[in-house]
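Content type compact mmCIF, N, CA and C atoms and all ligand atoms, from the file entry33.txt:
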# COMPACT_ATOMS: atom_id res chain seq x y z
N MET P 1 120.66 95.53 34.72
CA MET P 1 119.80 94.59 34.00
C MET P 1 119.99 94.74 32.50
N LYS P 2 120.02 96.02 32.06
CA LYS P 2 120.19 96.27 30.64
C LYS P 2 121.55 95.74 30.14
N LYS P 3 122.58 95.95 30.98
CA LYS P 3 123.93 95.49 30.62
C LYS P 3 123.96 93.96 30.49
N LEU P 4 123.27 93.32 31.41
CA LEU P 4 123.25 91.86 31.39
C LEU P 4 122.59 91.36 30.11
N PHE P 5 121.53 92.06 29.74
CA PHE P 5 120.81 91.69 28.51
C PHE P 5 121.72 91.82 27.29
N ILE P 6 122.44 92.94 27.22
CA ILE P 6 123.35 93.16 26.09
C ILE P 6 124.45 92.10 26.08
N ALA P 7 124.96 91.77 27.27
CA ALA P 7 126.03 90.77 27.36
C ALA P 7 125.53 89.41 26.86
N SER P 8 124.29 89.07 27.23
CA SER P 8 123.82 87.75 26.80
C SER P 8 123.52 87.71 25.31
N ILE P 9 123.07 88.83 24.75
CA ILE P 9 122.86 88.91 23.29
C ILE P 9 124.21 88.74 22.59
N THR P 10 125.22 89.46 23.10
CA THR P 10 126.55 89.38 22.50
C THR P 10 127.06 87.95 22.54
N ALA P 11 126.90 87.30 23.68
CA ALA P 11 127.37 85.93 23.82
C ALA P 11 126.65 85.02 22.83
N ALA P 12 125.34 85.23 22.70
CA ALA P 12 124.56 84.39 21.78
C ALA P 12 125.04 84.59 20.34
N LEU P 13 125.32 85.85 19.99
CA LEU P 13 125.79 86.13 18.64
C LEU P 13 127.15 85.50 18.39
N LEU P 14 128.05 85.64 19.36
CA LEU P 14 129.39 85.06 19.22
C LEU P 14 129.28 83.56 19.08
N PHE P 15 128.43 82.96 19.91
CA PHE P 15 128.30 81.52 19.88
C PHE P 15 127.76 81.05 18.53
N SER P 16 126.72 81.72 18.03
CA SER P 16 126.15 81.26 16.77
C SER P 16 127.13 81.49 15.62
N ALA P 17 127.94 82.56 15.70
CA ALA P 17 128.92 82.81 14.63
C ALA P 17 129.95 81.69 14.59
N SER P 18 130.44 81.26 15.77
CA SER P 18 131.47 80.22 15.75
C SER P 18 130.86 78.86 15.42
N ALA P 19 129.63 78.62 15.89
CA ALA P 19 128.98 77.34 15.58
C ALA P 19 128.76 77.25 14.07
N HIS P 20 128.44 78.40 13.47
CA HIS P 20 128.17 78.40 12.03
C HIS P 20 129.41 78.01 11.23
N SER P 21 130.56 78.57 11.56
CA SER P 21 131.73 78.31 10.74
C SER P 21 132.22 76.88 10.91
N ALA P 22 131.87 76.22 12.02
CA ALA P 22 132.33 74.85 12.24
C ALA P 22 131.39 73.82 11.63
N GLU P 23 130.23 74.29 11.17
CA GLU P 23 129.22 73.38 10.62
C GLU P 23 129.51 73.15 9.13
N ALA P 24 129.53 71.90 8.73
CA ALA P 24 129.85 71.60 7.33
C ALA P 24 128.73 72.09 6.42
N PRO P 25 129.03 72.91 5.41
CA PRO P 25 128.00 73.27 4.44
C PRO P 25 127.59 72.01 3.66
N ALA P 26 126.34 71.95 3.21
CA ALA P 26 125.85 70.74 2.53
C ALA P 26 126.75 70.32 1.38
N VAL P 27 127.29 71.28 0.66
CA VAL P 27 128.11 70.98 -0.51
C VAL P 27 129.40 70.22 -0.15
N ALA P 28 129.82 70.30 1.12
CA ALA P 28 131.04 69.60 1.55
C ALA P 28 130.89 68.08 1.47
N ALA P 29 129.63 67.60 1.40
CA ALA P 29 129.42 66.16 1.27
C ALA P 29 130.06 65.62 -0.01
N SER P 30 130.16 66.46 -1.04
CA SER P 30 130.75 66.01 -2.30
C SER P 30 132.28 66.05 -2.25
N CYS P 31 132.86 66.55 -1.19
CA CYS P 31 134.31 66.65 -1.07
C CYS P 31 134.87 65.60 -0.11
N SER P 32 134.01 65.12 0.79
CA SER P 32 134.50 64.31 1.91
C SER P 32 135.09 62.98 1.46
N GLY P 33 134.62 62.44 0.34
CA GLY P 33 135.15 61.16 -0.14
C GLY P 33 136.65 61.22 -0.36
N CYS P 34 137.15 62.32 -0.80
CA CYS P 34 138.59 62.46 -1.06
C CYS P 34 139.30 63.23 0.05
N HIS P 35 138.69 64.30 0.54
CA HIS P 35 139.41 65.17 1.48
C HIS P 35 139.06 64.89 2.94
N GLY P 36 138.18 63.90 3.20
CA GLY P 36 137.78 63.60 4.58
C GLY P 36 136.64 64.51 5.02
N ALA P 37 135.80 64.03 5.95
CA ALA P 37 134.62 64.78 6.38
C ALA P 37 135.03 66.11 7.02
N ASP P 38 136.18 66.15 7.69
CA ASP P 38 136.63 67.39 8.34
C ASP P 38 137.84 68.00 7.62
N GLY P 39 138.11 67.52 6.40
CA GLY P 39 139.22 68.09 5.65
C GLY P 39 140.56 67.44 5.94
N ASN P 40 140.55 66.42 6.81
CA ASN P 40 141.78 65.68 7.08
C ASN P 40 141.81 64.43 6.22
N SER P 41 142.27 64.58 5.00
CA SER P 41 142.33 63.43 4.10
C SER P 41 143.34 62.43 4.62
N VAL P 42 143.07 61.14 4.40
CA VAL P 42 144.01 60.11 4.87
C VAL P 42 144.83 59.57 3.71
N VAL P 43 144.55 60.03 2.49
CA VAL P 43 145.27 59.55 1.31
C VAL P 43 146.22 60.66 0.85
N PRO P 44 147.51 60.34 0.71
CA PRO P 44 148.50 61.38 0.38
C PRO P 44 148.20 62.15 -0.91
N ASN P 45 147.56 61.50 -1.89
CA ASN P 45 147.23 62.18 -3.15
C ASN P 45 146.21 63.29 -2.98
N PHE P 46 145.42 63.22 -1.91
CA PHE P 46 144.36 64.20 -1.69
C PHE P 46 144.82 65.15 -0.59
N PRO P 47 145.06 66.42 -0.93
CA PRO P 47 145.61 67.33 0.08
C PRO P 47 144.67 67.55 1.27
N LYS P 48 145.28 67.77 2.42
CA LYS P 48 144.50 68.12 3.62
C LYS P 48 144.04 69.56 3.51
N LEU P 49 142.78 69.78 3.83
CA LEU P 49 142.22 71.14 3.78
C LEU P 49 142.05 71.71 5.17
N ALA P 50 141.96 70.83 6.18
CA ALA P 50 141.73 71.28 7.55
C ALA P 50 142.84 72.23 8.00
N GLY P 51 142.43 73.36 8.53
CA GLY P 51 143.39 74.31 9.09
C GLY P 51 144.09 75.18 8.05
N GLN P 52 143.76 74.98 6.78
CA GLN P 52 144.31 75.88 5.76
C GLN P 52 143.65 77.24 5.91
N HIS P 53 144.32 78.28 5.45
CA HIS P 53 143.71 79.60 5.49
C HIS P 53 142.52 79.63 4.54
N ALA P 54 141.42 80.25 4.99
CA ALA P 54 140.21 80.32 4.17
C ALA P 54 140.49 80.99 2.83
N ALA P 55 141.28 82.05 2.85
CA ALA P 55 141.55 82.78 1.60
C ALA P 55 142.32 81.90 0.61
N TYR P 56 143.20 81.05 1.12
CA TYR P 56 143.96 80.15 0.25
C TYR P 56 143.01 79.12 -0.38
N ILE P 57 142.15 78.51 0.43
CA ILE P 57 141.19 77.52 -0.07
C ILE P 57 140.29 78.16 -1.14
N GLU P 58 139.81 79.36 -0.83
CA GLU P 58 138.93 80.05 -1.78
C GLU P 58 139.65 80.30 -3.11
N LYS P 59 140.90 80.73 -3.03
CA LYS P 59 141.64 81.02 -4.26
C LYS P 59 141.84 79.75 -5.09
N GLN P 60 142.20 78.64 -4.41
CA GLN P 60 142.42 77.40 -5.16
C GLN P 60 141.13 76.96 -5.84
N LEU P 61 140.00 77.06 -5.12
CA LEU P 61 138.73 76.62 -5.70
C LEU P 61 138.35 77.49 -6.91
N LYS P 62 138.58 78.79 -6.80
CA LYS P 62 138.27 79.68 -7.92
C LYS P 62 139.20 79.39 -9.09
N ASP P 63 140.46 79.06 -8.79
CA ASP P 63 141.41 78.74 -9.86
C ASP P 63 141.03 77.43 -10.56
N PHE P 64 140.62 76.43 -9.79
CA PHE P 64 140.16 75.17 -10.40
C PHE P 64 138.92 75.44 -11.25
N ARG P 65 137.99 76.22 -10.68
CA ARG P 65 136.74 76.49 -11.37
C ARG P 65 136.99 77.23 -12.69
N GLY P 66 137.92 78.16 -12.66
CA GLY P 66 138.21 78.96 -13.85
C GLY P 66 139.19 78.30 -14.80
N GLY P 67 139.73 77.13 -14.40
CA GLY P 67 140.67 76.43 -15.27
C GLY P 67 142.10 76.98 -15.20
N PHE P 68 142.39 77.86 -14.22
CA PHE P 68 143.75 78.39 -14.08
C PHE P 68 144.65 77.40 -13.36
N ARG P 69 144.05 76.60 -12.47
CA ARG P 69 144.78 75.50 -11.85
C ARG P 69 144.13 74.24 -12.42
N LYS P 70 144.96 73.38 -12.96
CA LYS P 70 144.41 72.22 -13.67
C LYS P 70 144.68 70.92 -12.92
N ASP P 71 143.64 70.16 -12.71
CA ASP P 71 143.78 68.81 -12.18
C ASP P 71 142.52 68.05 -12.58
N ALA P 72 142.71 66.97 -13.33
CA ALA P 72 141.57 66.25 -13.91
C ALA P 72 140.67 65.66 -12.83
N THR P 73 141.25 65.30 -11.66
CA THR P 73 140.45 64.70 -10.59
C THR P 73 139.64 65.76 -9.86
N MET P 74 140.27 66.87 -9.56
CA MET P 74 139.66 67.90 -8.72
C MET P 74 138.75 68.84 -9.49
N ALA P 75 139.12 69.17 -10.71
CA ALA P 75 138.39 70.20 -11.47
C ALA P 75 136.87 70.01 -11.55
N PRO P 76 136.40 68.76 -11.83
CA PRO P 76 134.94 68.61 -11.96
C PRO P 76 134.17 68.98 -10.69
N PHE P 77 134.84 68.87 -9.54
CA PHE P 77 134.14 69.16 -8.28
C PHE P 77 134.11 70.66 -7.99
N ALA P 78 134.97 71.42 -8.63
CA ALA P 78 134.97 72.87 -8.42
C ALA P 78 134.11 73.57 -9.46
N LYS P 79 133.87 72.89 -10.57
CA LYS P 79 133.23 73.51 -11.73
C LYS P 79 131.90 74.20 -11.41
N ASN P 80 131.08 73.54 -10.60
CA ASN P 80 129.73 74.09 -10.38
C ASN P 80 129.56 74.81 -9.05
N LEU P 81 130.65 75.08 -8.36
CA LEU P 81 130.54 75.78 -7.08
C LEU P 81 130.21 77.25 -7.32
N THR P 82 129.32 77.79 -6.46
CA THR P 82 129.04 79.23 -6.52
C THR P 82 130.05 79.96 -5.62
N ASP P 83 130.13 81.28 -5.76
CA ASP P 83 131.00 82.06 -4.88
C ASP P 83 130.62 81.83 -3.42
N GLU P 84 129.30 81.70 -3.17
CA GLU P 84 128.81 81.49 -1.81
C GLU P 84 129.29 80.12 -1.29
N ASN P 85 129.17 79.07 -2.12
CA ASN P 85 129.68 77.73 -1.75
C ASN P 85 131.15 77.84 -1.37
N ILE P 86 131.92 78.53 -2.20
CA ILE P 86 133.37 78.61 -2.01
C ILE P 86 133.70 79.32 -0.71
N LYS P 87 132.96 80.37 -0.41
CA LYS P 87 133.18 81.11 0.85
C LYS P 87 132.89 80.20 2.05
N GLU P 88 131.78 79.47 1.99
CA GLU P 88 131.41 78.58 3.09
C GLU P 88 132.42 77.45 3.25
N LEU P 89 132.87 76.89 2.13
CA LEU P 89 133.84 75.79 2.19
C LEU P 89 135.15 76.27 2.81
N GLY P 90 135.60 77.46 2.39
CA GLY P 90 136.84 78.01 2.94
C GLY P 90 136.72 78.21 4.44
N ALA P 91 135.60 78.80 4.88
CA ALA P 91 135.41 79.06 6.31
C ALA P 91 135.33 77.75 7.09
N PHE P 92 134.65 76.76 6.50
CA PHE P 92 134.48 75.48 7.19
C PHE P 92 135.82 74.77 7.37
N TYR P 93 136.56 74.57 6.29
CA TYR P 93 137.82 73.81 6.41
C TYR P 93 138.84 74.57 7.25
N ALA P 94 138.83 75.91 7.15
CA ALA P 94 139.78 76.69 7.96
C ALA P 94 139.48 76.52 9.45
N SER P 95 138.21 76.24 9.79
CA SER P 95 137.83 76.13 11.20
C SER P 95 138.09 74.73 11.76
N GLN P 96 138.45 73.78 10.91
CA GLN P 96 138.68 72.41 11.38
C GLN P 96 140.14 72.23 11.80
N PRO P 97 140.38 71.63 12.96
CA PRO P 97 141.77 71.42 13.36
C PRO P 97 142.46 70.40 12.46
N ALA P 98 143.67 70.71 12.03
CA ALA P 98 144.45 69.77 11.22
C ALA P 98 144.91 68.63 12.13
N LYS P 99 144.78 67.40 11.63
CA LYS P 99 145.20 66.24 12.44
C LYS P 99 146.36 65.54 11.74
C1 LIG P 101 137.78 62.57 -6.46
C2 LIG P 101 138.56 63.19 -5.41
C3 LIG P 101 138.31 64.64 -5.04
C4 LIG P 101 137.10 65.22 -4.69
C5 LIG P 101 135.73 64.57 -4.59
C6 LIG P 101 137.41 66.60 -4.35
N1 LIG P 101 138.75 66.83 -4.49
FE1 LIG P 101 139.75 68.55 -3.99
N2 LIG P 101 141.48 67.75 -4.68
C7 LIG P 101 141.63 66.48 -5.18
C8 LIG P 101 143.00 66.32 -5.66
C9 LIG P 101 143.60 65.07 -6.29
C10 LIG P 101 143.66 67.54 -5.41
C11 LIG P 101 145.12 67.90 -5.74
C12 LIG P 101 145.16 68.49 -7.11
C13 LIG P 101 146.56 68.87 -7.52
O1 LIG P 101 147.46 68.05 -7.35
O2 LIG P 101 146.73 70.00 -8.01
C14 LIG P 101 142.67 68.41 -4.78
C15 LIG P 101 142.94 69.70 -4.38
C16 LIG P 101 142.05 70.51 -3.70
C17 LIG P 101 142.37 71.81 -3.15
C18 LIG P 101 143.72 72.52 -3.19
C19 LIG P 101 144.48 72.14 -1.93
C20 LIG P 101 145.85 72.71 -1.83
O3 LIG P 101 146.51 72.46 -0.82
O4 LIG P 101 146.27 73.44 -2.74
C21 LIG P 101 141.24 72.29 -2.57
C22 LIG P 101 141.06 73.62 -1.85
C23 LIG P 101 140.21 71.28 -2.77
N3 LIG P 101 140.73 70.21 -3.45
C24 LIG P 101 138.91 71.41 -2.32
C25 LIG P 101 137.88 70.51 -2.64
C26 LIG P 101 136.50 70.76 -2.34
C27 LIG P 101 135.97 71.96 -1.60
C28 LIG P 101 135.79 69.70 -2.84
C29 LIG P 101 134.29 69.50 -2.87
C30 LIG P 101 133.52 70.56 -3.53
C31 LIG P 101 136.76 68.76 -3.41
N4 LIG P 101 138.01 69.31 -3.27
C32 LIG P 101 136.46 67.52 -3.95
C33 LIG P 101 140.67 65.50 -5.21
C34 LIG P 101 139.33 65.67 -4.92
Could you write out this structure as structure tokens?
Ligand code: HEC
Amino acid sequence: MKKLFIASITAALLFSASAHSAEAPAVAASCSGCHGADGNSVVPNFPKLAGQHAAYIEKQLKDFRGGFRKDATMAPFAKNLTDENIKELGAFYASQPAK
């Protein structure tokens, strides 16, 4: 009985962890116009984010925010992101299948 209880807790934790990473953080609403709701942009000028490595996405966002990577279109959207926003965005887009 005790084992079953532990197994169901583990399953619940695993499920909520994966459900969390697939859920779009609120801040992603400001990105979807260009990069698509799931990170699969349909316009060649806007890079696809779906399926990119989270660490890569995080680095690009920090570089845009800090002005190390320059792009007049993208920079204003990275400017006000917090480290927490960036972490969530990286995890979210990395969890989306590239189409
Ligand atoms: C107005 C359109 C627009 C919006 C809105 C926008 N972006 Fe971008 N984004 C771009 C463009 C254009 C580039 C390519 C810049 C370049 O050529 O260096 C880009 C590049 C990126 C990259 C780098 C991708 C790569 O492959 O190197 C990331 C990551 C990114 N955007 C994330 C975001 C996130 C997260 C948001 C929302 C907070 C967002 N963008 C909002 C236009 C936009």
Handout entry: Close residues to ligand LIG 101 (chain P) using only N, CA and C atoms and all ligand atoms, limit 6.5 Å, as a ChimeraX atom specification
Key = /P:27-35,45-49,56-58,60-61,70-71,73-74,77-78,89
Completion exercise
If you count all atoms listed in the file, the residue of P:Pro76, P:Pro25, P:Gly67, P:Gly51 closest to Ala94 (chain P) turns out to be P:Gly51
Problem - Residue among P:Ala54, P:Ala26, P:Ser41, P:Arg65 lying closest to Gly90 (chain P), counting only C-alpha atoms - result: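 Of the candidates, the smallest distance to Gly90 (chain P) is held by P:Ala54.
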Practice task
Quick one: pull the distance between CA of Gly66 (chain P) and CA of Lys79 (chain P), Å, one decimal.
Solution key: 7.7 Å
Fill in the blank from the handout: Computed gap from atom C of Ala50 (chain P) to atom N of Ala98 (chain P) is 4.4 Å
Exercise for the section: State, in Å with one decimal place, the distance from atom C of Asp38 (chain P) to atom N of Phe68 (chain P). Expected result: 24.4 Å
